[in-house]
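Data file: protein-v5.pdb. Format and content: PDB, C-alpha atoms.
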```pdb
MODEL        1
ATOM      1  CA  SER I   1       0.000   0.000   0.000
ATOM      2  CA  VAL I   2       1.094   3.568  -0.569
ATOM      3  CA  GLN I   3       2.350   5.177   2.638
ATOM      4  CA  HIS I   4       3.786   8.476   1.348
ATOM      5  CA  ILE I   5       4.052  10.368  -1.912
ATOM      6  CA  PHE I   6       6.851  12.845  -2.589
ATOM      7  CA  GLY I   7       7.424  15.149  -5.503
ATOM      8  CA  VAL I   8      10.784  14.729  -7.250
ATOM      9  CA  ARG I   9      12.664  16.574  -9.969
ATOM     10  CA  ALA I  10      11.593  15.721 -13.526
ATOM     11  CA  ASP I  11      15.026  14.217 -14.243
ATOM     12  CA  ALA I  12      15.063  12.006 -11.108
ATOM     13  CA  HIS I  13      15.544   8.300 -11.733
ATOM     14  CA  ALA I  14      14.168   5.768  -9.221
ATOM     15  CA  ARG I  15      16.965   3.278  -9.866
ATOM     16  CA  PHE I  16      20.049   5.317 -10.733
ATOM     17  CA  ASP I  17      19.597   8.109  -8.175
ATOM     18  CA  ALA I  18      19.301   5.738  -5.201
ATOM     19  CA  LEU I  19      22.116   6.034  -2.649
ATOM     20  CA  SER I  20      21.452   2.637  -1.089
ATOM     21  CA  ARG I  21      19.028  -0.246  -0.948
ATOM     22  CA  THR I  22      18.339  -2.575   1.973
ATOM     23  CA  TYR I  23      17.041  -6.110   1.557
ATOM     24  CA  ASN I  24      15.839  -8.625   4.124
ATOM     25  CA  TYR I  25      15.795 -12.359   3.516
ATOM     26  CA  LYS I  26      13.628 -14.462   5.838
ATOM     27  CA  ILE I  27      14.264 -18.083   6.708
ATOM     28  CA  SER I  28      11.687 -19.957   8.756
ATOM     29  CA  LEU I  29      13.187 -22.475  11.173
ATOM     30  CA  LYS I  30       9.802 -23.935  12.058
ATOM     31  CA  LYS I  31       7.214 -25.157   9.580
ATOM     32  CA  ASP I  32       4.506 -22.488   9.444
ATOM     33  CA  VAL I  33       1.657 -22.884   6.951
ATOM     34  CA  PHE I  34       0.676 -19.240   7.457
ATOM     35  CA  ASN I  35       4.111 -18.021   6.394
ATOM     36  CA  SER I  36       5.125 -20.576   3.752
ATOM     37  CA  ASP I  37       4.832 -18.028   0.933
ATOM     38  CA  GLY I  38       6.724 -15.338   2.849
ATOM     39  CA  SER I  39       9.871 -17.133   3.953
ATOM     40  CA  TYR I  40      12.148 -20.000   3.004
ATOM     41  CA  TYR I  41      11.649 -22.991   5.299
ATOM     42  CA  LEU I  42      14.891 -24.687   6.314
ATOM     43  CA  LYS I  43      14.784 -27.511   8.846
ATOM     44  CA  HIS I  44      18.569 -27.890   9.245
ATOM     45  CA  GLN I  45      20.523 -26.630  12.252
ATOM     46  CA  LEU I  46      22.519 -23.507  11.337
ATOM     47  CA  ASP I  47      25.523 -21.881  13.014
ATOM     48  CA  ILE I  48      24.410 -18.235  13.096
ATOM     49  CA  ASP I  49      27.758 -17.106  14.561
ATOM     50  CA  LYS I  50      29.625 -18.537  11.550
ATOM     51  CA  MET I  51      27.016 -17.008   9.242
ATOM     52  CA  ASN I  52      27.593 -13.577  10.788
ATOM     53  CA  GLU I  53      31.340 -14.116  10.466
ATOM     54  CA  ALA I  54      30.827 -14.811   6.747
ATOM     55  CA  ALA I  55      28.595 -11.732   6.423
ATOM     56  CA  LYS I  56      31.453  -9.596   7.783
ATOM     57  CA  VAL I  57      33.744 -10.989   5.063
ATOM     58  CA  LEU I  58      31.590  -9.163   2.489
ATOM     59  CA  PHE I  59      32.992  -5.837   3.751
ATOM     60  CA  ASP I  60      36.474  -6.870   2.586
ATOM     61  CA  TYR I  61      35.459  -6.955  -1.086
ATOM     62  CA  ARG I  62      33.968  -4.771  -3.836
ATOM     63  CA  ASN I  63      33.789  -7.227  -6.755
ATOM     64  CA  PHE I  64      30.832  -9.595  -6.356
ATOM     65  CA  LYS I  65      30.837 -11.255  -9.771
ATOM     66  CA  CYS I  66      30.627 -14.678  -8.099
ATOM     67  CA  PHE I  67      27.155 -13.772  -6.793
ATOM     68  CA  SER I  68      25.847 -12.286 -10.059
ATOM     69  CA  ARG I  69      23.590 -14.034 -12.499
ATOM     70  CA  SER I  70      25.645 -15.388 -15.393
ATOM     71  CA  ASN I  71      25.479 -13.656 -18.784
ATOM     72  CA  THR I  72      24.258 -10.383 -17.337
ATOM     73  CA  ASP I  73      24.927  -7.117 -19.145
ATOM     74  CA  VAL I  74      26.628  -4.862 -16.573
ATOM     75  CA  LYS I  75      29.660  -2.610 -16.877
ATOM     76  CA  THR I  76      31.001  -3.447 -13.415
ATOM     77  CA  TYR I  77      30.478  -6.027 -10.691
ATOM     78  CA  HIS I  78      31.570  -3.580  -8.000
ATOM     79  CA  CYS I  79      29.226  -2.884  -5.094
ATOM     80  CA  THR I  80      29.852  -1.331  -1.699
ATOM     81  CA  ILE I  81      28.305  -3.343   1.123
ATOM     82  CA  MET I  82      27.356  -1.015   3.981
ATOM     83  CA  MET I  83      25.691  -3.535   6.303
ATOM     84  CA  ALA I  84      25.232  -7.298   6.407
ATOM     85  CA  GLU I  85      24.018  -9.301   9.399
ATOM     86  CA  TRP I  86      21.926 -12.227  10.527
ATOM     87  CA  ARG I  87      19.556 -12.091  13.472
ATOM     88  CA  SER I  88      17.177 -14.554  15.058
ATOM     89  CA  GLN I  89      13.572 -13.526  15.666
ATOM     90  CA  ASN I  90      10.537 -15.701  16.503
ATOM     91  CA  ASN I  91      11.626 -18.975  14.868
ATOM     92  CA  GLN I  92      13.070 -17.064  11.927
ATOM     93  CA  LEU I  93      16.507 -16.037  10.783
ATOM     94  CA  ILE I  94      16.554 -12.684   9.030
ATOM     95  CA  PHE I  95      19.469 -11.588   6.878
ATOM     96  CA  THR I  96      19.674  -7.833   6.325
ATOM     97  CA  ILE I  97      22.020  -6.394   3.734
ATOM     98  CA  LYS I  98      22.507  -2.798   2.603
ATOM     99  CA  ALA I  99      24.617  -1.661  -0.351
ATOM    100  CA  ASP I 100      24.943   1.156  -2.847
ATOM    101  CA  ARG I 101      23.814  -1.245  -5.570
ATOM    102  CA  PHE I 102      23.137  -4.944  -6.131
ATOM    103  CA  LEU I 103      23.723  -7.237  -9.079
ATOM    104  CA  ARG I 104      20.950  -9.446 -10.464
ATOM    105  CA  ASN I 105      20.404 -12.409  -8.137
ATOM    106  CA  MET I 106      23.148 -11.162  -5.776
ATOM    107  CA  VAL I 107      21.274 -11.239  -2.466
ATOM    108  CA  ARG I 108      19.795 -14.689  -3.062
ATOM    109  CA  ALA I 109      23.218 -16.066  -4.077
ATOM    110  CA  ILE I 110      24.904 -14.507  -1.024
ATOM    111  CA  VAL I 111      22.273 -16.013   1.272
ATOM    112  CA  GLY I 112      22.634 -19.451  -0.328
ATOM    113  CA  THR I 113      26.415 -19.330  -0.004
ATOM    114  CA  ILE I 114      26.318 -18.146   3.608
ATOM    115  CA  LEU I 115      23.825 -20.925   4.398
ATOM    116  CA  ASP I 116      26.513 -23.361   3.229
ATOM    117  CA  VAL I 117      28.793 -21.779   5.851
ATOM    118  CA  GLY I 118      26.068 -22.143   8.500
ATOM    119  CA  LEU I 119      25.587 -25.794   7.546
ATOM    120  CA  GLY I 120      29.324 -26.489   7.821
ATOM    121  CA  LYS I 121      29.696 -27.216   4.080
ATOM    122  CA  THR I 122      31.895 -24.155   3.456
ATOM    123  CA  THR I 123      34.585 -22.648   5.697
ATOM    124  CA  ILE I 124      35.248 -18.928   6.134
ATOM    125  CA  GLU I 125      38.500 -19.369   4.181
ATOM    126  CA  GLU I 126      36.590 -21.063   1.352
ATOM    127  CA  PHE I 127      34.041 -18.219   1.436
ATOM    128  CA  HIS I 128      36.895 -15.740   0.839
ATOM    129  CA  GLY I 129      38.081 -17.954  -2.028
ATOM    130  CA  ILE I 130      34.630 -18.019  -3.620
ATOM    131  CA  ILE I 131      34.481 -14.223  -3.716
ATOM    132  CA  LYS I 132      38.048 -13.927  -5.034
ATOM    133  CA  SER I 133      37.317 -16.488  -7.770
ATOM    134  CA  GLU I 134      34.700 -14.245  -9.446
ATOM    135  CA  ASP I 135      33.119 -17.536 -10.578
ATOM    136  CA  ARG I 136      29.369 -18.011 -10.088
ATOM    137  CA  THR I 137      29.734 -21.793 -10.238
ATOM    138  CA  LYS I 138      31.857 -21.768  -7.064
ATOM    139  CA  ALA I 139      29.193 -19.956  -4.981
ATOM    140  CA  GLY I 140      26.237 -21.677  -3.354
ATOM    141  CA  ALA I 141      22.808 -22.128  -4.861
ATOM    142  CA  SER I 142      20.437 -19.181  -4.964
ATOM    143  CA  VAL I 143      17.727 -19.419  -2.341
ATOM    144  CA  PRO I 144      14.070 -19.121  -3.430
ATOM    145  CA  ALA I 145      12.739 -15.631  -4.160
ATOM    146  CA  HIS I 146       9.745 -15.829  -1.817
ATOM    147  CA  GLY I 147      11.871 -14.979   1.248
ATOM    148  CA  LEU I 148      13.355 -11.785  -0.246
ATOM    149  CA  TYR I 149      12.086  -8.307   0.618
ATOM    150  CA  LEU I 150      13.258  -4.905  -0.551
ATOM    151  CA  SER I 151      12.761  -2.904   2.636
ATOM    152  CA  ILE I 152      14.442   0.511   2.250
ATOM    153  CA  ILE I 153      15.666   2.694  -0.606
ATOM    154  CA  GLU I 154      17.562   5.861   0.280
ATOM    155  CA  TYR I 155      17.724   8.859  -2.072
ATOM    156  CA  PRO I 156      19.651  12.114  -1.896
ATOM    157  CA  LYS I 157      17.624  15.064  -0.614
ATOM    158  CA  SER I 158      18.501  16.941  -3.821
ATOM    159  CA  ILE I 159      15.998  14.960  -5.933
ATOM    160  CA  PHE I 160      12.962  16.000  -3.857
ATOM    161  CA  ILE I 161      10.952  19.129  -4.663
TER
ENDMDL
END
```

Any chance you could put this one into structure tokens?
Amino acid sequence: SVQHIFGVRADAHARFDALSRTYNYKISLKKDVFNSDGSYYLKHQLDIDKMNEAAKVLFDYRNFKCFSRSNTDVKTYHCTIMMAEWRSQNNQLIFTIKADRFLRNMVRAIVGTILDVGLGKTTIEEFHGIIKSEDRTKAGASVPAHGLYLSIIEYPKSIFI
């Protein structure tokens, strides 16, 4: 639903003028028929501390080609991650990530790869190696889209009228 409407300059662009975007990805740890379309159900035990350690690794890099959809038409794979963390809330794990821009499929691929860390399939050292490889085939599977939410978009004050 519409919460607010703001006037913007005629040359403002919703995508290219954004300073940052914040996404949340929700994982349900308990089967919940009322939330099955709004989160990804995962019944495996996860190490949230290791997952947060992996999330911090993202700050060490700018090139995220390994998390981008293959055969995408972009000029650069560089993104600046401003925030990335996992938190537990009411039988759910919620991953929040904020960056200046995201590549196609990037958040879902990051979540899938960090889940491999939480499941003990991938070490923190291997996670570094995946990012350095710039190879999508080395990263984990993309998680389903139904747990992904765009929650915040920040714009410069200069575009508002």

Within 8 Å of Ser70 in chain I, counting only C-alpha atoms, which residues show up once you throw out same-chain ones fewer than 2 positions away? Write them as a short mmCIF file (atom, residue, chain, number, x, y, z; two decimals) with C-alpha atoms, in the coordinates of the input, please.
```cif
data_model
loop_
_atom_site.label_atom_id
_atom_site.label_comp_id
_atom_site.auth_asym_id
_atom_site.auth_seq_id
_atom_site.Cartn_x
_atom_site.Cartn_y
_atom_site.Cartn_z
CA SER I 68 25.85 -12.29 -10.06
CA THR I 72 24.26 -10.38 -17.34
CA ARG I 136 29.37 -18.01 -10.09
#
```

Exercise for review: Please evaluate the PyMOL selection byres ((chain I and resi 85) around 12) against the displayed coordinates and give the resulting residues as an MDAnalysis selection string.
Suggested key: chainID I and resid 22:25 48:59 81:84 86:88 93:98 110:111 114

Practice item. Can you pull out every residue within 12 Å of Asp32 in chain I, counting all atoms listed in the file, but drop anything in the same chain fewer than 3 positions away, and send it as a list in words? Key: Ile27, Ser28, Leu29, Asn35, Ser36, Asp37, Gly38, Ser39, Tyr40, Tyr41, Leu42, Lys43, Asn90, Asn91 and Gln92 of chain I

Practice item. Scan for residues within 8 Å of the point (33.5, -9.2, -7.2) in the coordinates of the file, using all atoms listed in the file, and reply as a count of residues only. Key: 13

Exercise for review: Would you translate the PyMOL selection byres ((chain I and resi 126) around 12) into the concrete set of residues it matches in this file, as number ranges by chain?
Suggested key: I: 54, 57, 113-114, 116-117, 120-125, 127-133, 138-140

Next, dump the selected residues to file, keeping only C-alpha atoms, as a PDB file, in the coordinates of the input.
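Result went into again-v8.pdb, see below:
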```
ATOM      1  CA  ALA I  54      30.827 -14.811   6.747  1.00  0.00           C
ATOM      2  CA  VAL I  57      33.744 -10.989   5.063  1.00  0.00           C
ATOM      3  CA  THR I 113      26.415 -19.330  -0.004  1.00  0.00           C
ATOM      4  CA  ILE I 114      26.318 -18.146   3.608  1.00  0.00           C
ATOM      5  CA  ASP I 116      26.513 -23.361   3.229  1.00  0.00           C
ATOM      6  CA  VAL I 117      28.793 -21.779   5.851  1.00  0.00           C
ATOM      7  CA  GLY I 120      29.324 -26.489   7.821  1.00  0.00           C
ATOM      8  CA  LYS I 121      29.696 -27.216   4.080  1.00  0.00           C
ATOM      9  CA  THR I 122      31.895 -24.155   3.456  1.00  0.00           C
ATOM     10  CA  THR I 123      34.585 -22.648   5.697  1.00  0.00           C
ATOM     11  CA  ILE I 124      35.248 -18.928   6.134  1.00  0.00           C
ATOM     12  CA  GLU I 125      38.500 -19.369   4.181  1.00  0.00           C
ATOM     13  CA  PHE I 127      34.041 -18.219   1.436  1.00  0.00           C
ATOM     14  CA  HIS I 128      36.895 -15.740   0.839  1.00  0.00           C
ATOM     15  CA  GLY I 129      38.081 -17.954  -2.028  1.00  0.00           C
ATOM     16  CA  ILE I 130      34.630 -18.019  -3.620  1.00  0.00           C
ATOM     17  CA  ILE I 131      34.481 -14.223  -3.716  1.00  0.00           C
ATOM     18  CA  LYS I 132      38.048 -13.927  -5.034  1.00  0.00           C
ATOM     19  CA  SER I 133      37.317 -16.488  -7.770  1.00  0.00           C
ATOM     20  CA  LYS I 138      31.857 -21.768  -7.064  1.00  0.00           C
ATOM     21  CA  ALA I 139      29.193 -19.956  -4.981  1.00  0.00           C
ATOM     22  CA  GLY I 140      26.237 -21.677  -3.354  1.00  0.00           C
TER      23      GLY I 140
END
```

Kindly list the centre and edge lengths in Å, rounded to one decimal, for the axis-aligned box that covers all listed atoms of range 27-46 of chain I plus 8 Å on each of its six sides, as JSON.
```
{"center_x": 11.6, "center_y": -21.6, "center_z": 6.6, "size_x": 37.8, "size_y": 28.6, "size_z": 27.3}
```
